[in-house]
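Encoded as structure tokens, the structure appears first; notes follow it.
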Amino acid sequence: MIVASVIVDVAVMQTDRPFDYEVPDRWQEVIQPGMRVVVPFGPRHVQGFVLDVKEEAEIRKLKPIVEPMDIVPVLNEELLSLADWLTAESLCFKISALQVMLPAAMKAKYQKFIRKTREQSVQPAVESLFNNREEIPWEEATDAGKLSDIRKEVKNGTLEVIYSVKSKGRKKTVRMVKCTLSENELAEIVNIMPKNAVKQKEALLVFTGRTHHWLSLKETGISSATAKSLIEKGFLEEKQEEMYRDPLGGQHFEPDKPLMLTENQQKAIRPILDNLNAGTSGTFLLHGVTGSGKTEIYLQSISRVIEKGQEAILLVPEISLTPQMTERFKRRFGNDVAVLHSGLSTGEKYDEWRKISRKEVKVVVGARSAIFAPFENIGLIIIDEEHETSYKQEENPRYHARDVAIQRSFHYNCPVILGSATPSLESYARAKKGVYTLLSLDQRVNDRPLPTVDIVDMREELREGNRSMFSRTLFEKIKDRLEKGEQTVLFLNKRGYSSFIMCRDCGYVAGCPHCDVSMTYHRHRHQLKCHYCGYEEAAPYVCPECTSEHIRHFGTGTQKVEEELLKLLPEARIIRMDVDTTGTKGAHEKLLRKFGDKEADILLGTQMIAKGLDFPDITLVGVLSADTMLHLPDFRSSEKTFQLLTQVSGRAGRHTLPGEVVVQTYTPEHYSIQLAAEQNYESFYQQEMMMRKMGGYPPFYFLALITISHTEAIEAASAANKIVTKIKPALSSAAVILGPVASPIARINNRYRWQCLIKYKREPKLTEILKKVLEHYTKQGKSNGLIVSIDIHPYVLM
DNA sequence: AGCACGCCGACT
DNA sequence: GTCGGCGTGCTC
């Protein structure tokens, strides 16, 4: 017997192993590892992934596979073994590892129906539900309170429950029609048709001179009713043809030519090309200051890869996947590029994925999950802005795209390029140790000078009576740019500055009733929303604690900055970019285009404007408060501040006009601010490495974070204690366990959260130990409402 | 996760 | 006596 071993789509510990199924004779030539199948699982049907096809089963009684969901495997052998690696590395369920590799459109959609087995009588009460339909949704019956009646009928065999499994996404199709008649027949039939069949005659005449040609129904202009009757008469034939959705709206891209590389760029690209020619794996860290032409190096390296007949993946942070970037790749590589990012609809992502899978493209440009692009001959993987934290997925499987990239490069013996102006300490340290090859681009293309940076001490401003959010220096410079017709970018570090509601009399802050966080104020709807659990409520007009009316929204949101700016400079044309103004599809691009067309003087925004902005007339960048994230309880806060300031400063003076940057801060002496102003990465690295060494943080130690949550605080705390006592003796003496302590966010969604942080250098047995912990606490009966989650190499410690 | 099976309180 | 509550255990 042919047997398939299948991972089923049930993400719990108990089912996190393969189940064997019989492969029915009719599928024996079809079913292969890497395919999705529908299998019976208990009383229902679920989606599953075939891992293996074999001759013998582990157990005797096997159920047969219901049907395959794919014609060809959706995961190749390499991706299947990558899923093994991912499962082991991130301690996730196998099914999660498999699913993360595919577009959301390929996740299963489950529906439950009830159907009458024969025309036999069912109780009138049930009969009435059907209302002449063949089958009705399960929910419809249970909502009507007929559950017990239905159970009875099912037992009698007069009703059956149908479990349907479908893919979520659909291929887009067009209706094609063809005239089956010869030219002569067509003319004849038009003649003998009844006079009143005007539409049908018209329709047939469309095919004059092109019978037996497939035409899209839409093109012919024939209505679907007309088509239907002509098909019934046998004059037309129809079919559905698959087509791709076009996220770029038919845009045409003018092809461009590779640019001449500077001496600096040539020196940097040489080792990469050598490596490509040799066909060996290896990781390069391309450290290039902003504006040093990293992208051109990417483009030319990829060109080489395509020449070799291989494929390339370029990852960019979600936020910088701007039309500008896409355009550059489309112009260089034309239709050989697939683009994958969150701006696409589920269907569009599905289409891009299929283009990749069918090898219709050579290059993928995409955000984090594009690292799983189903290529089979990868020649190069590039991660741009490698320091970006968005490359780490914060839900299961908790993977870092950088690690996946390197893992895949081992399989394909291809190089990986990590590019950044401000590399993560981890990567830079590895480059210094020789684990990665360091390539430096320390000059801007055309030797444009870096912008001058002014650090303004906001405490000083306050002391001198300036209570506005603009320092005098910044304000003067903005005014100056307005007069000269040059552009300004104002950057607000929104994290730590979310607008919340506070009572000025008693200090009450509106918090989420289910989580220990303050809620964010949304002005347009006068609503408060919790970003952790999604809870929403109307914002109060009086303080619920002291009934004072002096309750208002606090913190400097972009809206507030805009208001104040308009008060001070009424003539300024401002574009505000934040979650509120970029919510709709394409809004992001539209606003940027507007700014690029000089329809505004000032661009005001959050993180999202820190990257990729490249307009010639930006000569001033203002950072309204540089240190908001500096005081977060996060060992990476200095690094993030340095990166952000460097990044933002890079927006100014990229072309002929020189740029200026004003950085406002309450802690001007902080090294991350000072050194960002000097654009001195090397010194920052040295200084920050010292801090990390003292604190015992990466890159000197690895981290693993265990979070334990329960609806009762005591339960969470005691379980956390137990876990620590269990783990401690199993680790070497070099490992450090911090905690257990209550999480910085002590409660989310009414669950109390405790955590412990493990710092370690070399613990070969760690994942095994942690897996045991997970297994222990997910065993039913033992878990008793406890949820344990483990994040290896965490980025968010809350 | 679902779902069935099974064993105890309030109803026709 | 039965309906239905949710504890326990299984799914090839």
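Identifiers for the structure tokens are assigned positionally: chains receive A, B, ... in sequence, residues are indexed from 1 per chain, and ligands are indexed from 1 in the order shown.
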
I'd like the contact shell of region 200-206 of chain A - 7 Å cut-off, only C-alpha atoms (C1' of nucleotides), skipping same-chain residues fewer than 5 positions apart - returned as number ranges by chain.
A: 190, 220, 222, 226

Which residues of chain B are close to chain A, meaning at most 10 Å apart when you count only C-alpha atoms (C1' of nucleotides), and how do they look as an MDAnalysis selection string?
chainID B and resid 1:4

Could you write those residues out with C-alpha atoms (C1' of nucleotides), as a PDB file, in the first residue's frame?
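Saved as again.pdb:
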```pdb
ATOM      1  C1'  DA B   1      -8.519  22.935  17.802  1.00  0.00           C
ATOM      2  C1'  DG B   2     -12.866  20.308  17.321  1.00  0.00           C
ATOM      3  C1'  DC B   3     -15.545  16.757  18.470  1.00  0.00           C
ATOM      4  C1'  DA B   4     -17.417  12.581  20.826  1.00  0.00           C
TER       5       DA B   4
END
```

May I have the residues of chain C within 12 Å of chain A, counting only C-alpha atoms (C1' of nucleotides), written as a list in words?
DC3, DG4, DG7, DT8, DG9, DC10, DT11 and DC12 of chain C

Generate a file of the selected residues that holds N, CA and C atoms (P, O5', C5', C4', C3', O3' and C1' of nucleotides), formatted as a PDB file, in the first residue's frame.
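Result file follows (out11.pdb):
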```pdb
ATOM      1  P    DC C   3     -34.159  13.373  25.361  1.00  0.00           P
ATOM      2  O5'  DC C   3     -33.656  14.870  25.612  1.00  0.00           O
ATOM      3  C5'  DC C   3     -34.569  15.846  26.142  1.00  0.00           C
ATOM      4  C4'  DC C   3     -33.779  16.931  26.871  1.00  0.00           C
ATOM      5  C3'  DC C   3     -32.538  17.406  26.095  1.00  0.00           C
ATOM      6  O3'  DC C   3     -32.541  18.826  26.026  1.00  0.00           O
ATOM      7  C1'  DC C   3     -31.957  16.757  28.304  1.00  0.00           C
ATOM      8  P    DG C   4     -31.586  19.571  24.974  1.00  0.00           P
ATOM      9  O5'  DG C   4     -30.350  20.010  25.899  1.00  0.00           O
ATOM     10  C5'  DG C   4     -30.573  20.728  27.115  1.00  0.00           C
ATOM     11  C4'  DG C   4     -29.366  20.615  28.018  1.00  0.00           C
ATOM     12  C3'  DG C   4     -28.002  20.907  27.329  1.00  0.00           C
ATOM     13  O3'  DG C   4     -27.225  21.690  28.201  1.00  0.00           O
ATOM     14  C1'  DG C   4     -27.880  18.920  28.512  1.00  0.00           C
ATOM     15  P    DG C   7     -16.238  21.329  33.339  1.00  0.00           P
ATOM     16  O5'  DG C   7     -14.801  20.620  33.440  1.00  0.00           O
ATOM     17  C5'  DG C   7     -14.433  19.874  34.594  1.00  0.00           C
ATOM     18  C4'  DG C   7     -14.201  18.418  34.243  1.00  0.00           C
ATOM     19  C3'  DG C   7     -12.791  18.101  33.707  1.00  0.00           C
ATOM     20  O3'  DG C   7     -12.366  16.861  34.274  1.00  0.00           O
ATOM     21  C1'  DG C   7     -14.395  17.361  32.150  1.00  0.00           C
ATOM     22  P    DT C   8     -10.821  16.431  34.096  1.00  0.00           P
ATOM     23  O5'  DT C   8     -10.889  15.472  32.824  1.00  0.00           O
ATOM     24  C5'  DT C   8     -11.734  14.318  32.869  1.00  0.00           C
ATOM     25  C4'  DT C   8     -11.387  13.380  31.732  1.00  0.00           C
ATOM     26  C3'  DT C   8      -9.939  13.393  31.249  1.00  0.00           C
ATOM     27  O3'  DT C   8      -9.553  12.068  30.953  1.00  0.00           O
ATOM     28  C1'  DT C   8     -11.358  13.933  29.451  1.00  0.00           C
ATOM     29  P    DG C   9      -8.020  11.716  30.592  1.00  0.00           P
ATOM     30  O5'  DG C   9      -8.174  10.892  29.242  1.00  0.00           O
ATOM     31  C5'  DG C   9      -9.470  10.549  28.749  1.00  0.00           C
ATOM     32  C4'  DG C   9      -9.404  10.337  27.244  1.00  0.00           C
ATOM     33  C3'  DG C   9      -8.001  10.298  26.634  1.00  0.00           C
ATOM     34  O3'  DG C   9      -8.083   9.466  25.486  1.00  0.00           O
ATOM     35  C1'  DG C   9      -9.149  12.078  25.681  1.00  0.00           C
ATOM     36  P    DC C  10      -6.820   8.758  24.869  1.00  0.00           P
ATOM     37  O5'  DC C  10      -7.139   8.894  23.310  1.00  0.00           O
ATOM     38  C5'  DC C  10      -8.351   8.333  22.802  1.00  0.00           C
ATOM     39  C4'  DC C  10      -8.648   8.990  21.478  1.00  0.00           C
ATOM     40  C3'  DC C  10      -7.450   9.002  20.527  1.00  0.00           C
ATOM     41  O3'  DC C  10      -7.833   8.434  19.294  1.00  0.00           O
ATOM     42  C1'  DC C  10      -8.413  11.168  20.714  1.00  0.00           C
ATOM     43  P    DT C  11      -6.708   7.982  18.242  1.00  0.00           P
ATOM     44  O5'  DT C  11      -7.103   8.885  17.001  1.00  0.00           O
ATOM     45  C5'  DT C  11      -8.476   9.003  16.632  1.00  0.00           C
ATOM     46  C4'  DT C  11      -8.621  10.252  15.788  1.00  0.00           C
ATOM     47  C3'  DT C  11      -7.562  10.387  14.692  1.00  0.00           C
ATOM     48  O3'  DT C  11      -8.197  10.834  13.511  1.00  0.00           O
ATOM     49  C1'  DT C  11      -7.605  12.337  15.987  1.00  0.00           C
ATOM     50  P    DC C  12      -8.163   9.973  12.239  1.00  0.00           P
ATOM     51  O5'  DC C  12      -7.186   8.859  12.740  1.00  0.00           O
ATOM     52  C5'  DC C  12      -6.775   7.826  11.941  1.00  0.00           C
ATOM     53  C4'  DC C  12      -6.033   8.248  10.707  1.00  0.00           C
ATOM     54  C3'  DC C  12      -5.558   7.060   9.925  1.00  0.00           C
ATOM     55  O3'  DC C  12      -5.364   7.397   8.575  1.00  0.00           O
ATOM     56  C1'  DC C  12      -3.727   8.046  11.043  1.00  0.00           C
TER      57       DC C  12
END
```

Separation of CA of Leu774 (chain A) from CA of Arg17 (chain A), in Å and rounded to one decimal
15.1 Å

Contacts of Ser638 (chain A) within 9 Å, only C-alpha atoms (C1' of nucleotides), excl. fewer than 5 positions in-chain, as an MDAnalysis selection string
chainID A and resid 629:631 643 670:673 688

Find the distance between CA of Trp138 (chain A) and CA of Lys107 (chain A) and write it in Å to one decimal.
21.0 Å

Out of region 231-270 of chain A, which residues get alpha helix (DSSP H) from DSSP, as a PyMOL selection string?
chain A and resi 231-232+263-270

If you count only C-alpha atoms (C1' of nucleotides), which residues fall within 8 Å of region 783-790 of chain A, apart from same-chain ones fewer than 6 positions away, as a PyMOL selection string?
chain A and resi 91+704-711+715-716+770+774+776-777

Suppose you want the space between CA of Pro658 (chain A) and CA of Ala572 (chain A); what is it in Å?
21.6 Å

Can you pull out every residue within 6 Å of region 307-316 of chain A, counting only C-alpha atoms (C1' of nucleotides), but drop anything in the same chain fewer than 2 positions away, and send it as a PyMOL selection string?
chain A and resi 304-305+362-367+377-384

Nearby residues (only C-alpha atoms (C1' of nucleotides)) at most 8 Å from region 268-274 of chain A, same-chain spacing under 2 positions excluded, as an MDAnalysis selection string
chainID A and resid 264:266 276:278 284 286 297 301 304 415 439:441
